[in-house]
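Listing of query-v2.tsv, TSV, C-alpha atoms
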chain	number	residue	atom	x	y	z
X	1	MET	CA	22.81	-36.43	22.95
X	2	GLU	CA	23.98	-32.95	22.11
X	3	SER	CA	21.22	-30.36	21.83
X	4	TRP	CA	20.98	-27.92	18.94
X	5	PRO	CA	22.49	-24.52	19.55
X	6	TRP	CA	19.79	-21.94	20.17
X	7	PRO	CA	20.30	-18.56	18.47
X	8	SER	CA	19.61	-15.44	20.45
X	9	GLY	CA	16.07	-14.11	20.70
X	10	GLY	CA	16.88	-11.17	18.50
X	11	ALA	CA	18.30	-13.43	15.80
X	12	TRP	CA	15.20	-15.59	15.71
X	13	LEU	CA	12.96	-12.52	15.58
X	14	LEU	CA	14.95	-10.99	12.74
X	15	VAL	CA	14.93	-14.19	10.68
X	16	ALA	CA	11.20	-14.71	11.22
X	17	ALA	CA	10.33	-11.10	10.38
X	18	ARG	CA	12.41	-11.12	7.18
X	19	ALA	CA	10.87	-14.38	5.99
X	20	LEU	CA	7.35	-13.22	6.70
X	21	LEU	CA	7.84	-9.85	5.02
X	22	GLN	CA	9.26	-11.45	1.89
X	23	LEU	CA	6.52	-14.06	1.79
X	24	LEU	CA	3.63	-11.71	2.34
X	25	ARG	CA	4.99	-8.96	0.08
X	26	ALA	CA	2.54	-6.63	1.69
X	27	ASP	CA	2.54	-3.18	3.20
X	28	LEU	CA	3.29	-3.21	6.93
X	29	ARG	CA	3.01	0.38	8.13
X	30	LEU	CA	5.01	1.41	11.16
X	31	GLY	CA	2.76	2.25	14.07
X	32	ARG	CA	1.61	1.15	17.47
X	33	PRO	CA	-0.05	-2.09	16.26
X	34	LEU	CA	3.12	-3.23	14.50
X	35	LEU	CA	5.36	-2.27	17.43
X	36	ALA	CA	3.03	-4.11	19.80
X	37	ALA	CA	3.12	-7.19	17.57
X	38	LEU	CA	6.94	-7.17	17.49
X	39	ALA	CA	7.04	-6.81	21.28
X	40	LEU	CA	4.65	-9.76	21.57
X	41	LEU	CA	6.84	-11.89	19.33
X	42	ALA	CA	9.94	-10.94	21.32
X	43	ALA	CA	8.23	-11.96	24.58
X	44	LEU	CA	7.01	-15.19	23.02
X	45	ASP	CA	10.52	-15.94	21.75
X	46	TRP	CA	11.90	-15.46	25.28
X	47	LEU	CA	9.33	-17.90	26.70
X	48	CYS	CA	9.91	-20.45	23.93
X	49	GLN	CA	13.64	-20.55	24.66
X	50	ARG	CA	12.93	-21.55	28.25
X	51	LEU	CA	9.87	-23.78	27.97
X	52	LEU	CA	9.96	-25.67	24.66
X	53	PRO	CA	12.33	-27.85	22.64
X	54	PRO	CA	13.98	-26.01	19.74
X	55	LEU	CA	11.85	-27.39	16.89
X	56	ALA	CA	8.58	-26.94	18.77
X	57	ALA	CA	9.55	-23.41	19.80
X	58	LEU	CA	10.44	-22.51	16.22
X	59	ALA	CA	7.10	-23.83	14.99
X	60	VAL	CA	5.18	-21.85	17.63
X	61	LEU	CA	7.10	-18.65	16.94
X	62	ALA	CA	6.81	-18.94	13.15
X	63	THR	CA	3.09	-19.72	13.28
X	64	THR	CA	2.37	-16.89	15.69
X	65	GLY	CA	4.45	-14.47	13.64
X	66	TRP	CA	2.61	-15.47	10.48
X	67	ILE	CA	-0.81	-14.95	12.06
X	68	VAL	CA	0.01	-11.67	13.80
X	69	LEU	CA	1.92	-9.98	10.99
X	70	SER	CA	-0.43	-11.18	8.26
X	71	ARG	CA	-3.32	-9.61	10.18
X	72	LEU	CA	-1.46	-6.30	10.24
X	73	ALA	CA	-0.27	-6.42	6.64
X	74	ARG	CA	-2.22	-4.64	3.94
X	75	SER	CA	-2.64	-7.04	1.05
X	76	PRO	CA	-1.67	-5.99	-2.49
X	77	ARG	CA	-4.20	-3.73	-4.17
X	78	LEU	CA	-5.67	-3.53	-7.63
X	79	PRO	CA	-5.19	-0.35	-9.67
X	80	VAL	CA	-8.06	2.11	-9.69
X	81	ALA	CA	-7.88	2.59	-13.47
X	82	THR	CA	-11.40	3.38	-14.75
X	83	ARG	CA	-13.34	1.54	-12.03
X	84	ALA	CA	-16.84	2.79	-11.20
X	85	VAL	CA	-18.51	2.45	-7.79
X	86	LEU	CA	-22.04	3.17	-6.58
X	87	ILE	CA	-22.26	4.38	-2.96
X	88	THR	CA	-25.57	4.82	-1.15
X	89	GLY	CA	-26.26	7.27	1.67
X	90	CYS	CA	-23.77	9.99	0.74
X	91	ASP	CA	-25.62	12.89	2.37
X	92	SER	CA	-23.37	12.58	5.42
X	93	GLY	CA	-21.12	10.35	7.49
X	94	PHE	CA	-19.32	7.35	6.05
X	95	GLY	CA	-20.95	7.67	2.63
X	96	LYS	CA	-19.91	11.27	2.07
X	97	ALA	CA	-16.36	10.68	3.35
X	98	THR	CA	-15.98	7.56	1.19
X	99	ALA	CA	-17.28	9.34	-1.91
X	100	LYS	CA	-14.71	12.10	-1.41
X	101	LYS	CA	-11.81	9.68	-0.99
X	102	LEU	CA	-12.70	7.41	-3.92
X	103	ASP	CA	-13.21	10.42	-6.18
X	104	ALA	CA	-9.77	11.75	-5.18
X	105	MET	CA	-8.27	8.32	-5.98
X	106	GLY	CA	-9.66	8.44	-9.51
X	107	PHE	CA	-12.79	6.31	-9.23
X	108	THR	CA	-15.94	7.14	-11.13
X	109	VAL	CA	-18.31	7.60	-8.20
X	110	LEU	CA	-22.08	7.39	-8.39
X	111	ALA	CA	-23.25	8.82	-5.07
X	112	THR	CA	-26.88	8.54	-3.96
X	113	VAL	CA	-28.39	11.12	-1.60
X	114	LEU	CA	-31.86	11.62	-0.13
X	115	LYS	CA	-31.98	15.21	-1.37
X	116	LEU	CA	-29.96	16.79	-4.16
X	117	ASP	CA	-29.99	20.10	-2.30
X	118	SER	CA	-28.90	18.71	1.08
X	119	PRO	CA	-25.74	20.19	2.65
X	120	GLY	CA	-23.84	16.97	2.02
X	121	ALA	CA	-24.87	16.82	-1.63
X	122	LEU	CA	-23.89	20.45	-2.18
X	123	GLU	CA	-20.53	19.80	-0.52
X	124	LEU	CA	-19.81	16.83	-2.78
X	125	ARG	CA	-20.78	18.80	-5.87
X	126	ALA	CA	-18.47	21.64	-4.82
X	127	CYS	CA	-15.35	19.71	-3.81
X	128	CYS	CA	-15.31	16.63	-6.05
X	129	SER	CA	-14.37	16.13	-9.68
X	130	PRO	CA	-16.86	16.01	-12.59
X	131	ARG	CA	-16.52	12.22	-12.51
X	132	LEU	CA	-18.73	12.11	-9.40
X	133	LYS	CA	-22.43	11.91	-10.24
X	134	LEU	CA	-25.14	12.61	-7.67
X	135	LEU	CA	-28.38	10.61	-7.73
X	136	GLN	CA	-31.47	11.17	-5.62
X	137	MET	CA	-32.67	7.89	-4.08
X	138	ASP	CA	-34.91	6.88	-1.20
X	139	LEU	CA	-34.46	3.15	-0.49
X	140	THR	CA	-38.08	2.85	0.64
X	141	LYS	CA	-39.34	3.87	-2.83
X	142	PRO	CA	-39.10	1.22	-5.59
X	143	ALA	CA	-39.37	3.91	-8.27
X	144	ASP	CA	-36.21	5.61	-6.93
X	145	ILE	CA	-34.34	2.30	-6.91
X	146	SER	CA	-35.44	1.52	-10.49
X	147	ARG	CA	-34.31	4.95	-11.65
X	148	THR	CA	-30.92	4.45	-9.95
X	149	LEU	CA	-30.49	1.05	-11.62
X	150	GLU	CA	-31.18	2.52	-15.07
X	151	PHE	CA	-28.84	5.46	-14.43
X	152	THR	CA	-26.07	3.10	-13.31
X	153	LYS	CA	-26.43	0.85	-16.33
X	154	THR	CA	-26.27	3.84	-18.67
X	155	HIS	CA	-23.30	5.57	-17.02
X	156	THR	CA	-21.19	2.41	-16.62
X	157	ALA	CA	-21.80	1.00	-20.10
X	158	SER	CA	-18.21	1.65	-21.18
X	159	THR	CA	-16.34	1.01	-17.92
X	160	GLY	CA	-18.57	-1.52	-16.18
X	161	LEU	CA	-19.60	-1.34	-12.51
X	162	TRP	CA	-16.82	-2.53	-10.22
X	163	GLY	CA	-18.37	-2.07	-6.80
X	164	LEU	CA	-21.50	-1.41	-4.78
X	165	VAL	CA	-21.17	0.15	-1.32
X	166	ASN	CA	-24.37	-0.41	0.68
X	167	ASN	CA	-23.89	2.37	3.20
X	168	ALA	CA	-27.35	3.94	3.54
X	169	GLY	CA	-29.10	3.05	6.78
X	170	GLN	CA	-30.96	4.54	9.68
X	171	ASN	CA	-31.52	4.17	13.40
X	172	ILE	CA	-34.61	6.14	14.34
X	173	LEU	CA	-35.39	4.91	17.84
X	174	VAL	CA	-33.58	3.93	21.04
X	175	ALA	CA	-35.93	2.05	23.35
X	176	ASP	CA	-36.74	-1.38	24.72
X	177	ALA	CA	-38.29	-3.72	22.17
X	178	GLU	CA	-41.60	-3.65	24.07
X	179	LEU	CA	-41.67	0.14	23.94
X	180	SER	CA	-40.82	0.29	20.22
X	181	PRO	CA	-43.80	0.41	17.84
X	182	VAL	CA	-43.98	-2.42	15.32
X	183	ALA	CA	-44.07	0.23	12.58
X	184	THR	CA	-40.57	1.29	13.64
X	185	PHE	CA	-39.30	-2.27	13.14
X	186	ARG	CA	-40.88	-2.34	9.68
X	187	ASN	CA	-39.44	1.06	8.77
X	188	SER	CA	-35.92	0.00	9.81
X	189	MET	CA	-36.22	-3.21	7.80
X	190	GLU	CA	-37.41	-1.28	4.73
X	191	VAL	CA	-34.31	0.93	4.69
X	192	ASN	CA	-31.61	-1.25	6.24
X	193	PHE	CA	-32.60	-4.58	4.70
X	194	PHE	CA	-35.20	-4.59	1.92
X	195	GLY	CA	-33.85	-1.48	0.20
X	196	ALA	CA	-30.30	-2.87	0.19
X	197	LEU	CA	-31.62	-6.25	-1.00
X	198	GLU	CA	-33.54	-4.77	-3.94
X	199	LEU	CA	-30.66	-2.53	-5.02
X	200	THR	CA	-28.07	-5.30	-4.73
X	201	LYS	CA	-30.16	-7.79	-6.70
X	202	GLY	CA	-30.75	-5.19	-9.41
X	203	LEU	CA	-27.00	-4.55	-9.81
X	204	LEU	CA	-25.87	-8.19	-9.76
X	205	PRO	CA	-25.89	-8.55	-13.58
X	206	LEU	CA	-23.37	-5.69	-13.81
X	207	LEU	CA	-21.28	-7.02	-10.91
X	208	ARG	CA	-21.21	-10.54	-12.35
X	209	ARG	CA	-19.91	-9.14	-15.61
X	210	SER	CA	-17.07	-7.25	-13.88
X	211	ARG	CA	-16.45	-9.92	-11.19
X	212	GLY	CA	-16.61	-6.98	-8.83
X	213	ARG	CA	-17.21	-6.21	-5.17
X	214	ILE	CA	-20.12	-5.74	-2.77
X	215	VAL	CA	-19.26	-3.82	0.39
X	216	THR	CA	-21.95	-3.39	3.04
X	217	VAL	CA	-21.83	-1.26	6.17
X	218	SER	CA	-23.56	-3.17	8.96
X	219	SER	CA	-23.14	-2.85	12.74
X	220	PRO	CA	-22.00	-4.81	15.81
X	221	ALA	CA	-25.59	-4.25	16.98
X	222	GLY	CA	-26.53	-6.93	14.44
X	223	ASP	CA	-24.18	-9.42	16.09
X	224	MET	CA	-24.96	-8.87	19.77
X	225	PRO	CA	-28.00	-7.66	21.75
X	226	PHE	CA	-27.20	-4.06	22.55
X	227	PRO	CA	-29.79	-2.72	25.04
X	228	CYS	CA	-32.50	-0.57	23.46
X	229	LEU	CA	-31.32	-1.10	19.86
X	230	ALA	CA	-33.76	-3.85	18.89
X	231	THR	CA	-35.26	-2.04	15.89
X	232	TYR	CA	-31.83	-1.19	14.46
X	233	GLY	CA	-30.02	-4.37	15.48
X	234	THR	CA	-32.54	-6.81	14.06
X	235	SER	CA	-32.44	-5.12	10.65
X	236	LYS	CA	-28.64	-5.13	10.65
X	237	ALA	CA	-28.58	-8.80	11.68
X	238	ALA	CA	-30.80	-9.64	8.71
X	239	LEU	CA	-28.57	-7.55	6.42
X	240	ALA	CA	-25.37	-9.26	7.60
X	241	LEU	CA	-26.87	-12.72	7.14
X	242	LEU	CA	-28.01	-11.76	3.64
X	243	MET	CA	-24.49	-10.65	2.74
X	244	ASP	CA	-23.03	-13.86	4.19
X	245	THR	CA	-25.40	-15.76	1.90
X	246	PHE	CA	-24.42	-13.63	-1.10
X	247	SER	CA	-20.76	-14.26	-0.26
X	248	CYS	CA	-21.25	-18.01	-0.64
X	249	GLU	CA	-23.61	-17.95	-3.61
X	250	LEU	CA	-21.69	-15.38	-5.68
X	251	LEU	CA	-18.26	-16.93	-5.17
X	252	PRO	CA	-18.43	-18.94	-8.45
X	253	TRP	CA	-19.09	-15.65	-10.27
X	254	GLY	CA	-15.93	-14.09	-8.87
X	255	ILE	CA	-17.80	-11.48	-6.80
X	256	LYS	CA	-16.23	-10.81	-3.40
X	257	VAL	CA	-18.51	-9.64	-0.57
X	258	SER	CA	-17.29	-7.74	2.50
X	259	ILE	CA	-19.12	-6.51	5.60
X	260	ILE	CA	-17.97	-3.48	7.58
X	261	GLN	CA	-18.79	-3.61	11.32
X	262	PRO	CA	-17.71	-0.19	12.63
X	263	ALA	CA	-17.53	1.03	16.20
X	264	CYS	CA	-19.45	4.18	17.14
X	265	PHE	CA	-18.18	7.17	15.15
X	266	LYS	CA	-19.22	10.82	15.24
X	267	THR	CA	-21.28	11.06	12.09
X	268	GLU	CA	-23.75	13.89	11.62
X	269	SER	CA	-26.72	11.77	12.69
X	270	VAL	CA	-24.94	10.68	15.87
X	271	GLN	CA	-24.18	14.28	16.85
X	272	ASN	CA	-27.71	15.57	16.24
X	273	VAL	CA	-28.86	15.72	19.87
X	274	ASP	CA	-32.02	17.70	19.03
X	275	GLN	CA	-33.12	14.91	16.70
X	276	TRP	CA	-32.74	12.25	19.42
X	277	GLU	CA	-34.58	14.44	21.94
X	278	GLU	CA	-37.49	14.91	19.53
X	279	ARG	CA	-37.72	11.16	18.91
X	280	LYS	CA	-37.81	10.56	22.68
X	281	ARG	CA	-40.66	13.05	23.04
X	282	GLN	CA	-42.58	11.35	20.23
X	283	LEU	CA	-42.07	7.96	21.87
X	284	LEU	CA	-43.43	9.19	25.21
X	285	ALA	CA	-46.37	10.94	23.56
X	286	ASN	CA	-47.43	7.80	21.66
X	287	LEU	CA	-46.82	5.11	24.27
X	288	PRO	CA	-49.94	3.18	25.27
X	289	ARG	CA	-51.12	4.15	28.75
X	290	GLU	CA	-50.46	0.68	30.17
X	291	LEU	CA	-46.82	0.69	29.01
X	292	LEU	CA	-46.26	4.23	30.29
X	293	GLN	CA	-47.60	3.22	33.70
X	294	ALA	CA	-45.53	0.03	33.79
X	295	TYR	CA	-42.21	1.58	32.74
X	296	GLY	CA	-42.63	5.20	33.75
X	297	GLU	CA	-41.45	8.36	32.05
X	298	ASP	CA	-38.30	8.39	34.22
X	299	TYR	CA	-37.29	5.05	32.70
X	300	VAL	CA	-37.36	6.47	29.16
X	301	GLU	CA	-35.59	9.65	30.26
X	302	HIS	CA	-32.86	7.59	31.93
X	303	LEU	CA	-32.10	5.40	28.90
X	304	SER	CA	-32.16	8.46	26.63
X	305	GLY	CA	-29.61	10.20	28.85
X	306	GLN	CA	-27.35	7.15	28.90
X	307	PHE	CA	-27.60	6.81	25.13
X	308	LEU	CA	-26.61	10.44	24.58
X	309	HIS	CA	-23.69	9.99	26.99
X	310	SER	CA	-22.47	6.97	25.01
X	311	LEU	CA	-22.64	9.02	21.81
X	312	SER	CA	-20.41	11.64	23.39
X	313	GLN	CA	-17.69	8.96	23.50
X	314	ALA	CA	-17.96	8.31	19.74
X	315	LEU	CA	-14.76	8.36	17.67
X	316	PRO	CA	-14.30	11.62	15.72
X	317	ASP	CA	-12.06	10.34	12.90
X	318	LEU	CA	-14.03	8.49	10.20
X	319	SER	CA	-10.93	7.41	8.27
X	320	PRO	CA	-10.74	3.85	9.70
X	321	VAL	CA	-14.16	3.09	8.20
X	322	VAL	CA	-13.30	4.79	4.89
X	323	ASP	CA	-10.02	2.87	4.74
X	324	ALA	CA	-11.82	-0.41	5.39
X	325	ILE	CA	-14.30	0.27	2.57
X	326	THR	CA	-11.45	1.20	0.23
X	327	ASP	CA	-9.52	-1.95	1.09
X	328	ALA	CA	-12.61	-4.10	0.53
X	329	LEU	CA	-12.96	-2.56	-2.94
X	330	LEU	CA	-9.33	-2.80	-4.04
X	331	ALA	CA	-7.54	-5.52	-2.07
X	332	VAL	CA	-6.64	-8.55	-4.15
X	333	GLN	CA	-7.91	-10.70	-1.27
X	334	PRO	CA	-10.26	-8.53	0.81
X	335	HIS	CA	-11.40	-9.60	4.26
X	336	HIS	CA	-14.93	-10.91	4.57
X	337	ARG	CA	-15.40	-8.75	7.67
X	338	TYR	CA	-13.76	-5.52	8.79
X	339	TYR	CA	-13.96	-4.12	12.33
X	340	PRO	CA	-12.77	-0.47	12.22
X	341	GLY	CA	-12.61	1.40	15.51
X	342	HIS	CA	-11.30	0.90	19.03
X	343	GLY	CA	-12.55	-1.72	21.46
X	344	LEU	CA	-14.30	-4.08	19.06
X	345	GLY	CA	-11.79	-6.88	19.58
X	346	ILE	CA	-12.45	-7.14	23.33
X	347	MET	CA	-16.18	-6.67	22.73
X	348	TYR	CA	-16.41	-9.62	20.35
X	349	PHE	CA	-14.15	-11.74	22.59
X	350	ILE	CA	-16.51	-11.17	25.52
X	351	HIS	CA	-19.56	-11.85	23.34
X	352	TYR	CA	-18.31	-15.15	21.94
X	353	TYR	CA	-16.34	-16.62	24.82
X	354	LEU	CA	-17.69	-15.40	28.18
X	355	PRO	CA	-20.87	-16.52	30.00
X	356	GLU	CA	-24.16	-14.90	29.09
X	357	GLY	CA	-24.43	-12.99	32.36
X	358	LEU	CA	-21.05	-11.37	31.88
X	359	ARG	CA	-21.88	-10.52	28.28
X	360	ARG	CA	-25.09	-8.78	29.35
X	361	ARG	CA	-23.41	-6.79	32.12
X	362	PHE	CA	-20.61	-5.75	29.76
X	363	LEU	CA	-23.03	-4.38	27.15
X	364	GLN	CA	-24.98	-2.53	29.83
X	365	SER	CA	-21.87	-0.94	31.29
X	366	PHE	CA	-20.48	-0.15	27.84
X	367	PHE	CA	-23.68	1.22	26.28
X	368	ILE	CA	-26.93	1.54	28.24
X	369	SER	CA	-27.78	0.21	31.69
X	370	PRO	CA	-31.57	0.58	31.97
X	371	SER	CA	-33.06	1.64	35.29
X	372	VAL	CA	-35.74	-0.36	37.09
X	373	PRO	CA	-39.21	0.07	35.50
X	374	ARG	CA	-41.71	1.88	37.70
X	375	ALA	CA	-43.90	-1.19	38.27
X	376	LEU	CA	-40.93	-3.17	39.59
X	377	GLN	CA	-39.68	-0.54	42.01
X	378	PRO	CA	-40.10	-1.16	45.76
X	379	GLY	CA	-43.42	0.04	47.11
X	380	GLN	CA	-45.21	-0.14	43.77
X	381	PRO	CA	-48.27	-2.41	43.45
X	382	SER	CA	-47.69	-5.53	41.39
X	383	LEU	CA	-48.98	-4.86	37.91
X	384	THR	CA	-49.46	-8.56	37.21
X	385	SER	CA	-51.39	-9.13	40.42
X	386	ALA	CA	-53.64	-6.18	39.75
X	387	GLN	CA	-54.40	-7.43	36.25
X	388	ASP	CA	-55.11	-10.96	37.53
X	389	VAL	CA	-57.60	-9.67	40.11
X	390	ALA	CA	-59.28	-7.42	37.55
X	391	HIS	CA	-59.84	-10.31	35.14
X	392	SER	CA	-60.90	-12.92	37.75
X	393	PRO	CA	-64.63	-13.82	37.50
X	394	ASP	CA	-64.78	-14.62	41.22
X	395	PRO	CA	-62.69	-12.65	43.73
X	396	ASN	CA	-63.06	-15.57	46.21
X	397	PRO	CA	-62.82	-18.67	44.06
X	398	GLY	CA	-61.91	-20.97	46.96
X	399	PRO	CA	-59.08	-23.47	47.07
X	400	SER	CA	-57.64	-24.75	43.83
X	401	PRO	CA	-58.02	-28.42	43.04
X	402	THR	CA	-54.96	-30.46	43.83
X	403	ALA	CA	-53.05	-31.68	40.81
X	404	GLN	CA	-52.94	-35.42	40.49
Using structure tokens, write down the structure that the file contains.
Amino acid sequence: MESWPWPSGGAWLLVAARALLQLLRADLRLGRPLLAALALLAALDWLCQRLLPPLAALAVLATTGWIVLSRLARSPRLPVATRAVLITGCDSGFGKATAKKLDAMGFTVLATVLKLDSPGALELRACCSPRLKLLQMDLTKPADISRTLEFTKTHTASTGLWGLVNNAGQNILVADAELSPVATFRNSMEVNFFGALELTKGLLPLLRRSRGRIVTVSSPAGDMPFPCLATYGTSKAALALLMDTFSCELLPWGIKVSIIQPACFKTESVQNVDQWEERKRQLLANLPRELLQAYGEDYVEHLSGQFLHSLSQALPDLSPVVDAITDALLAVQPHHRYYPGHGLGIMYFIHYYLPEGLRRRFLQSFFISPSVPRALQPGQPSLTSAQDVAHSPDPNPGPSPTAQ
């Protein structure tokens, strides 16, 4: 039986690329990701010619091309028109950069800040258009949230509210969970979870009416156990699960929910070394004596130094996060999750597919590798043994009864 003639690799690649581009009708921007994808397809085409029958090879190449190029393509976007968006946490970082970009695009931006006279607020007032409105809001204060809800309803009465960007959040402590005060966990939950929950619920009537968007900035620390980020990570895990729930429940209303999981970027809070040093000093000053003896001051100093070193590797350009937020607001079919920044792909692959021991060692080498606590170092008396002896009613109790 005569086999089908097999076109050259370049011919197959050209046909597949043309078909995919016409079908997707999306924006594929020339750059290293696209060039890498085309090189991958060319290599796959070469292998298919030698290892698979023609029809099977064509199916593999077409399917792979569809997946790879569709992931790189930017889906069609909605016009900005008169859309209004509320963004929280615009004093600095992602919030401030997003407010600037959306204002330049023509959005009506309602930007919340902790202080109306903060440097970030003054910068927004100076460089943005009169469409941008600044609101003072502390997410831990219900009165501030209520005032923001009323302001939003009043100022979007004619245009409607298209989107909410839950960006405000905080990470106030880097330490083992045992060393972190319970009050710090509660404080993180108040800002990162309960504040976002109350604000989102309050704006849902407006978002249902516009069939709009909810975009929430979370963190990979909510998906995997980064060392010494328990207070921050647990609040972000709760926030991400809440948004996953909203995504399912609000689908009949036409509201699309997206979560942004950024890598580490050089925002103002990340670069404030003095702030992190002061928080370390406060932690050491308030640690119970037993914990300080068990872990040692050197242990806390070591993890603080490793944390600051990891921050020095943070990405300086915030635009990938801003672009992800913008796409989530305007894409006809936005992604449910965005992962802006380098290295997240390999990080999530390791987290989901490799054994637990390898996952733990990877996070320690990538972020913080804690030293050995003082009580566990060679030559130190066993803390557990000492406590057992201290609490024993009889230092010579005799032999234990044999279990039957």
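If you look at CA of Asn286 (chain X) and CA of Pro378 (chain X), they are 26.7 Å away from each other.
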Check your understanding: Which is closest to Leu139 (chain X) among X:Phe246, X:Trp253, X:Phe194, X:Tyr232, if we use only C-alpha atoms?
Key -> X:Phe194
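The spacing separating CA of Glu278 (chain X) from CA of Phe307 (chain X) amounts to 14.0 Å.
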Practice item. Determine, counting all atoms listed in the file, which protein, DNA and RNA residues have an atom within 8 Å of an atom of Thr64 (chain X); residues of the same chain fewer than 4 positions away are not included. Present the result as number ranges by chain. Key: X: 41, 60, 68
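Using all atoms listed in the file, the smallest distance between any of X:Thr184, X:Ser118, X:Thr231, X:Thr326 and Leu164 (chain X) comes from X:Thr326.
If you measure from each of X:Cys127, X:Ala175, X:Ala168, X:Leu311 to Cys90 (chain X) using all atoms listed in the file, the closest one turns out to be X:Ala168.
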Check your understanding: Contacts of Gln293 (chain X) at 10 Å or less, counting all atoms listed in the file, minus same-chain residues fewer than 6 places along, as a count of residues only?
Key -> 5
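Closest approach to Lys100 (chain X) among X:Leu241, X:Val322, X:Val300, X:Ala177 is made by X:Val322 (distances from all atoms listed in the file).
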Dump region 368-373 of chain X with all heavy atoms to a file, as a short mmCIF file (atom, residue, chain, number, x, y, z; two decimals), in the first residue's frame.
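New file selection_36.cif:
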data_model
loop_
_atom_site.label_atom_id
_atom_site.label_comp_id
_atom_site.auth_asym_id
_atom_site.auth_seq_id
_atom_site.Cartn_x
_atom_site.Cartn_y
_atom_site.Cartn_z
N ILE X 368 13.87 30.60 51.56
CA ILE X 368 14.54 30.64 52.85
C ILE X 368 14.86 29.21 53.29
O ILE X 368 13.98 28.35 53.31
CB ILE X 368 13.67 31.32 53.94
CG1 ILE X 368 13.51 32.81 53.65
CG2 ILE X 368 14.27 31.12 55.32
CD1 ILE X 368 12.61 33.53 54.63
N SER X 369 16.10 28.98 53.65
CA SER X 369 16.51 27.69 54.21
C SER X 369 16.86 27.93 55.68
O SER X 369 17.97 28.39 55.99
CB SER X 369 17.72 27.12 53.46
OG SER X 369 18.12 25.89 54.02
N PRO X 370 15.93 27.65 56.60
CA PRO X 370 16.19 27.96 58.00
C PRO X 370 17.39 27.19 58.54
O PRO X 370 17.70 26.08 58.12
CB PRO X 370 14.89 27.51 58.70
CG PRO X 370 13.86 27.46 57.61
CD PRO X 370 14.60 27.07 56.37
N SER X 371 18.08 27.80 59.49
CA SER X 371 19.18 27.12 60.16
C SER X 371 18.62 26.18 61.23
O SER X 371 17.41 26.12 61.45
CB SER X 371 20.13 28.15 60.79
OG SER X 371 19.43 28.92 61.76
N VAL X 372 19.51 25.47 61.91
CA VAL X 372 19.08 24.55 62.95
C VAL X 372 18.78 25.33 64.23
O VAL X 372 19.61 26.13 64.68
CB VAL X 372 20.17 23.49 63.23
CG1 VAL X 372 19.73 22.54 64.34
CG2 VAL X 372 20.48 22.73 61.95
N PRO X 373 17.59 25.16 64.83
CA PRO X 373 17.30 25.86 66.09
C PRO X 373 18.34 25.51 67.16
O PRO X 373 18.94 24.44 67.15
CB PRO X 373 15.91 25.33 66.47
CG PRO X 373 15.30 24.90 65.18
CD PRO X 373 16.43 24.39 64.35
#
